[in-house]
Amino acid sequence: MDGSRQFHIDIGDHSVTVNLGHGRSGSAELLVDGKVIGYVRERAGRTTSVEGELAEDPVRPFTVRIRQPALGLGAPECTLEIGGDRVPMPERRTPWAHRG
């Protein structure tokens, strides 16, 4: 995905990655262990949610909340919500990402 930002976190033996497309209303792609499991075509409003689950026994559902800054100033934030915990997802700097 030609995203402008990428957020990533490791949860146990799993990796969770969010690729955000360009701009405030771009797409959001959710990957678990390198496989796309969720996709939002257009992020609307200040907060968008993407649901996923970790393949464990039992399955562990989670939500990633993508929050846009007020008035378009600053950077978006991603938070992983799992098992009652909220964990900020750090932004991963990638050489292919274009920031414009």
# chains A, B, ... in the order shown; residues from 1 in each chain; ligands from 1
>>> select_by_dssp(residues="chain A", states="strand (DSSP E or B)", output="VMD selection string")
chain A and resid 5 to 11 14 to 20 28 to 32 35 to 40 47 to 54 60 to 67 77 to 82 85 to 89 91 to 92
>>> residues_around(residues="range 67-72 of chain A", least_positions_apart="4", cutoff="8 Å", atoms="only C-alpha atoms", output="NGL selection string")
:A and (24 or 45-48 or 76-78)
>>> write_last_selection(atoms="N, CA and C atoms", output="PDB file, in the first residue's frame")
ATOM      1  N   ARG A  24      -6.313  13.334   5.280  1.00  0.00           N
ATOM      2  CA  ARG A  24      -7.241  13.077   6.387  1.00  0.00           C
ATOM      3  C   ARG A  24      -8.304  12.047   6.027  1.00  0.00           C
ATOM      4  N   GLY A  45     -14.623  11.689   9.644  1.00  0.00           N
ATOM      5  CA  GLY A  45     -14.664  12.205  11.011  1.00  0.00           C
ATOM      6  C   GLY A  45     -13.289  12.178  11.647  1.00  0.00           C
ATOM      7  N   ARG A  46     -13.252  12.495  12.930  1.00  0.00           N
ATOM      8  CA  ARG A  46     -11.967  12.552  13.643  1.00  0.00           C
ATOM      9  C   ARG A  46     -11.481  11.192  14.089  1.00  0.00           C
ATOM     10  N   THR A  47     -12.396  10.240  14.334  1.00  0.00           N
ATOM     11  CA  THR A  47     -11.974   8.920  14.796  1.00  0.00           C
ATOM     12  C   THR A  47     -12.606   7.841  13.928  1.00  0.00           C
ATOM     13  N   THR A  48     -11.781   6.918  13.478  1.00  0.00           N
ATOM     14  CA  THR A  48     -12.230   5.782  12.688  1.00  0.00           C
ATOM     15  C   THR A  48     -11.772   4.518  13.395  1.00  0.00           C
ATOM     16  N   PRO A  76      -1.815  12.001  12.784  1.00  0.00           N
ATOM     17  CA  PRO A  76      -2.821  11.076  13.314  1.00  0.00           C
ATOM     18  C   PRO A  76      -2.208  10.200  14.400  1.00  0.00           C
ATOM     19  N   GLU A  77      -3.083   9.605  15.221  1.00  0.00           N
ATOM     20  CA  GLU A  77      -2.653   8.688  16.269  1.00  0.00           C
ATOM     21  C   GLU A  77      -3.438   7.397  16.130  1.00  0.00           C
ATOM     22  N   CYS A  78      -2.779   6.273  16.416  1.00  0.00           N
ATOM     23  CA  CYS A  78      -3.443   4.973  16.415  1.00  0.00           C
ATOM     24  C   CYS A  78      -3.326   4.373  17.808  1.00  0.00           C
TER      25      CYS A  78
END
>>> residues_around(residues="range 88-91 of chain A", least_positions_apart="6", cutoff="8 Å", atoms="only C-alpha atoms", output="list in words")
Arg5, Gln6, Phe7, His8, Ile9, Glu77, Cys78, Thr79 and Leu80 of chain A
>>> write_last_selection(atoms="all heavy atoms", output="PDB file, in the first residue's frame")
ATOM      1  N   ARG A   5       1.679   6.980   6.124  1.00  0.00           N
ATOM      2  CA  ARG A   5       2.088   6.737   7.501  1.00  0.00           C
ATOM      3  C   ARG A   5       1.849   5.265   7.841  1.00  0.00           C
ATOM      4  O   ARG A   5       0.919   4.658   7.344  1.00  0.00           O
ATOM      5  CB  ARG A   5       1.313   7.617   8.468  1.00  0.00           C
ATOM      6  CG  ARG A   5       1.622   9.087   8.302  1.00  0.00           C
ATOM      7  CD  ARG A   5       0.931   9.894   9.378  1.00  0.00           C
ATOM      8  NE  ARG A   5       1.206  11.286   9.212  1.00  0.00           N
ATOM      9  CZ  ARG A   5       2.268  11.938   9.700  1.00  0.00           C
ATOM     10  NH1 ARG A   5       3.153  11.297  10.407  1.00  0.00           N
ATOM     11  NH2 ARG A   5       2.431  13.218   9.499  1.00  0.00           N
ATOM     12  N   GLN A   6       2.703   4.758   8.730  1.00  0.00           N
ATOM     13  CA  GLN A   6       2.545   3.381   9.170  1.00  0.00           C
ATOM     14  C   GLN A   6       2.742   3.329  10.687  1.00  0.00           C
ATOM     15  O   GLN A   6       3.666   3.938  11.226  1.00  0.00           O
ATOM     16  CB  GLN A   6       3.579   2.483   8.492  1.00  0.00           C
ATOM     17  CG  GLN A   6       3.405   1.020   8.826  1.00  0.00           C
ATOM     18  CD  GLN A   6       4.424   0.152   8.134  1.00  0.00           C
ATOM     19  OE1 GLN A   6       5.593   0.152   8.515  1.00  0.00           O
ATOM     20  NE2 GLN A   6       3.988  -0.560   7.100  1.00  0.00           N
ATOM     21  N   PHE A   7       1.846   2.599  11.366  1.00  0.00           N
ATOM     22  CA  PHE A   7       1.910   2.408  12.805  1.00  0.00           C
ATOM     23  C   PHE A   7       2.044   0.912  13.063  1.00  0.00           C
ATOM     24  O   PHE A   7       1.436   0.106  12.368  1.00  0.00           O
ATOM     25  CB  PHE A   7       0.649   2.957  13.473  1.00  0.00           C
ATOM     26  CG  PHE A   7       0.517   4.450  13.322  1.00  0.00           C
ATOM     27  CD1 PHE A   7      -0.015   4.996  12.164  1.00  0.00           C
ATOM     28  CD2 PHE A   7       0.937   5.305  14.326  1.00  0.00           C
ATOM     29  CE1 PHE A   7      -0.130   6.375  12.011  1.00  0.00           C
ATOM     30  CE2 PHE A   7       0.831   6.675  14.180  1.00  0.00           C
ATOM     31  CZ  PHE A   7       0.295   7.220  13.025  1.00  0.00           C
ATOM     32  N   HIS A   8       2.842   0.555  14.090  1.00  0.00           N
ATOM     33  CA  HIS A   8       3.115  -0.862  14.314  1.00  0.00           C
ATOM     34  C   HIS A   8       3.315  -1.143  15.799  1.00  0.00           C
ATOM     35  O   HIS A   8       3.875  -0.330  16.525  1.00  0.00           O
ATOM     36  CB  HIS A   8       4.375  -1.278  13.562  1.00  0.00           C
ATOM     37  CG  HIS A   8       4.743  -2.703  13.764  1.00  0.00           C
ATOM     38  ND1 HIS A   8       4.195  -3.717  13.022  1.00  0.00           N
ATOM     39  CD2 HIS A   8       5.578  -3.296  14.646  1.00  0.00           C
ATOM     40  CE1 HIS A   8       4.690  -4.863  13.427  1.00  0.00           C
ATOM     41  NE2 HIS A   8       5.526  -4.643  14.427  1.00  0.00           N
ATOM     42  N   ILE A   9       2.861  -2.339  16.218  1.00  0.00           N
ATOM     43  CA  ILE A   9       3.095  -2.797  17.583  1.00  0.00           C
ATOM     44  C   ILE A   9       3.116  -4.316  17.582  1.00  0.00           C
ATOM     45  O   ILE A   9       2.443  -4.955  16.775  1.00  0.00           O
ATOM     46  CB  ILE A   9       2.014  -2.249  18.546  1.00  0.00           C
ATOM     47  CG1 ILE A   9       2.433  -2.452  20.000  1.00  0.00           C
ATOM     48  CG2 ILE A   9       0.656  -2.869  18.251  1.00  0.00           C
ATOM     49  CD1 ILE A   9       1.590  -1.651  20.980  1.00  0.00           C
ATOM     50  N   GLU A  77      -3.083   9.605  15.221  1.00  0.00           N
ATOM     51  CA  GLU A  77      -2.653   8.688  16.269  1.00  0.00           C
ATOM     52  C   GLU A  77      -3.438   7.397  16.130  1.00  0.00           C
ATOM     53  O   GLU A  77      -4.619   7.410  15.788  1.00  0.00           O
ATOM     54  CB  GLU A  77      -2.932   9.277  17.650  1.00  0.00           C
ATOM     55  CG  GLU A  77      -2.205  10.560  17.937  1.00  0.00           C
ATOM     56  CD  GLU A  77      -2.640  11.193  19.250  1.00  0.00           C
ATOM     57  OE1 GLU A  77      -3.580  10.682  19.896  1.00  0.00           O
ATOM     58  OE2 GLU A  77      -2.048  12.201  19.620  1.00  0.00           O
ATOM     59  N   CYS A  78      -2.779   6.273  16.416  1.00  0.00           N
ATOM     60  CA  CYS A  78      -3.443   4.973  16.415  1.00  0.00           C
ATOM     61  C   CYS A  78      -3.326   4.373  17.808  1.00  0.00           C
ATOM     62  O   CYS A  78      -2.251   4.407  18.416  1.00  0.00           O
ATOM     63  CB  CYS A  78      -2.793   4.027  15.411  1.00  0.00           C
ATOM     64  SG  CYS A  78      -3.155   4.417  13.704  1.00  0.00           S
ATOM     65  N   THR A  79      -4.445   3.824  18.294  1.00  0.00           N
ATOM     66  CA  THR A  79      -4.478   3.177  19.597  1.00  0.00           C
ATOM     67  C   THR A  79      -5.093   1.796  19.438  1.00  0.00           C
ATOM     68  O   THR A  79      -6.157   1.655  18.839  1.00  0.00           O
ATOM     69  CB  THR A  79      -5.313   3.996  20.601  1.00  0.00           C
ATOM     70  OG1 THR A  79      -4.772   5.313  20.684  1.00  0.00           O
ATOM     71  CG2 THR A  79      -5.302   3.363  21.978  1.00  0.00           C
ATOM     72  N   LEU A  80      -4.419   0.779  19.972  1.00  0.00           N
ATOM     73  CA  LEU A  80      -4.922  -0.587  19.946  1.00  0.00           C
ATOM     74  C   LEU A  80      -5.662  -0.835  21.254  1.00  0.00           C
ATOM     75  O   LEU A  80      -5.125  -0.578  22.330  1.00  0.00           O
ATOM     76  CB  LEU A  80      -3.761  -1.575  19.817  1.00  0.00           C
ATOM     77  CG  LEU A  80      -4.167  -3.038  19.809  1.00  0.00           C
ATOM     78  CD1 LEU A  80      -4.472  -3.465  18.390  1.00  0.00           C
ATOM     79  CD2 LEU A  80      -3.077  -3.895  20.392  1.00  0.00           C
TER      80      LEU A  80
END
>>> atom_distance(atom1="CA of Asp33 in chain A", atom2="CA of Gly74 in chain A")
28.6 Å
>>> atom_distance(atom1="CA of Ala28 in chain A", atom2="CA of Arg60 in chain A")
20.9 Å
>>> atom_distance(atom1="CA of Gly12 in chain A", atom2="CA of Ala75 in chain A")
27.0 Å
>>> closest_residue(among="A:Val59, A:Arg41, A:Leu31, A:Arg93", to="Val16 in chain A", atoms="only C-alpha atoms")
A:Leu31
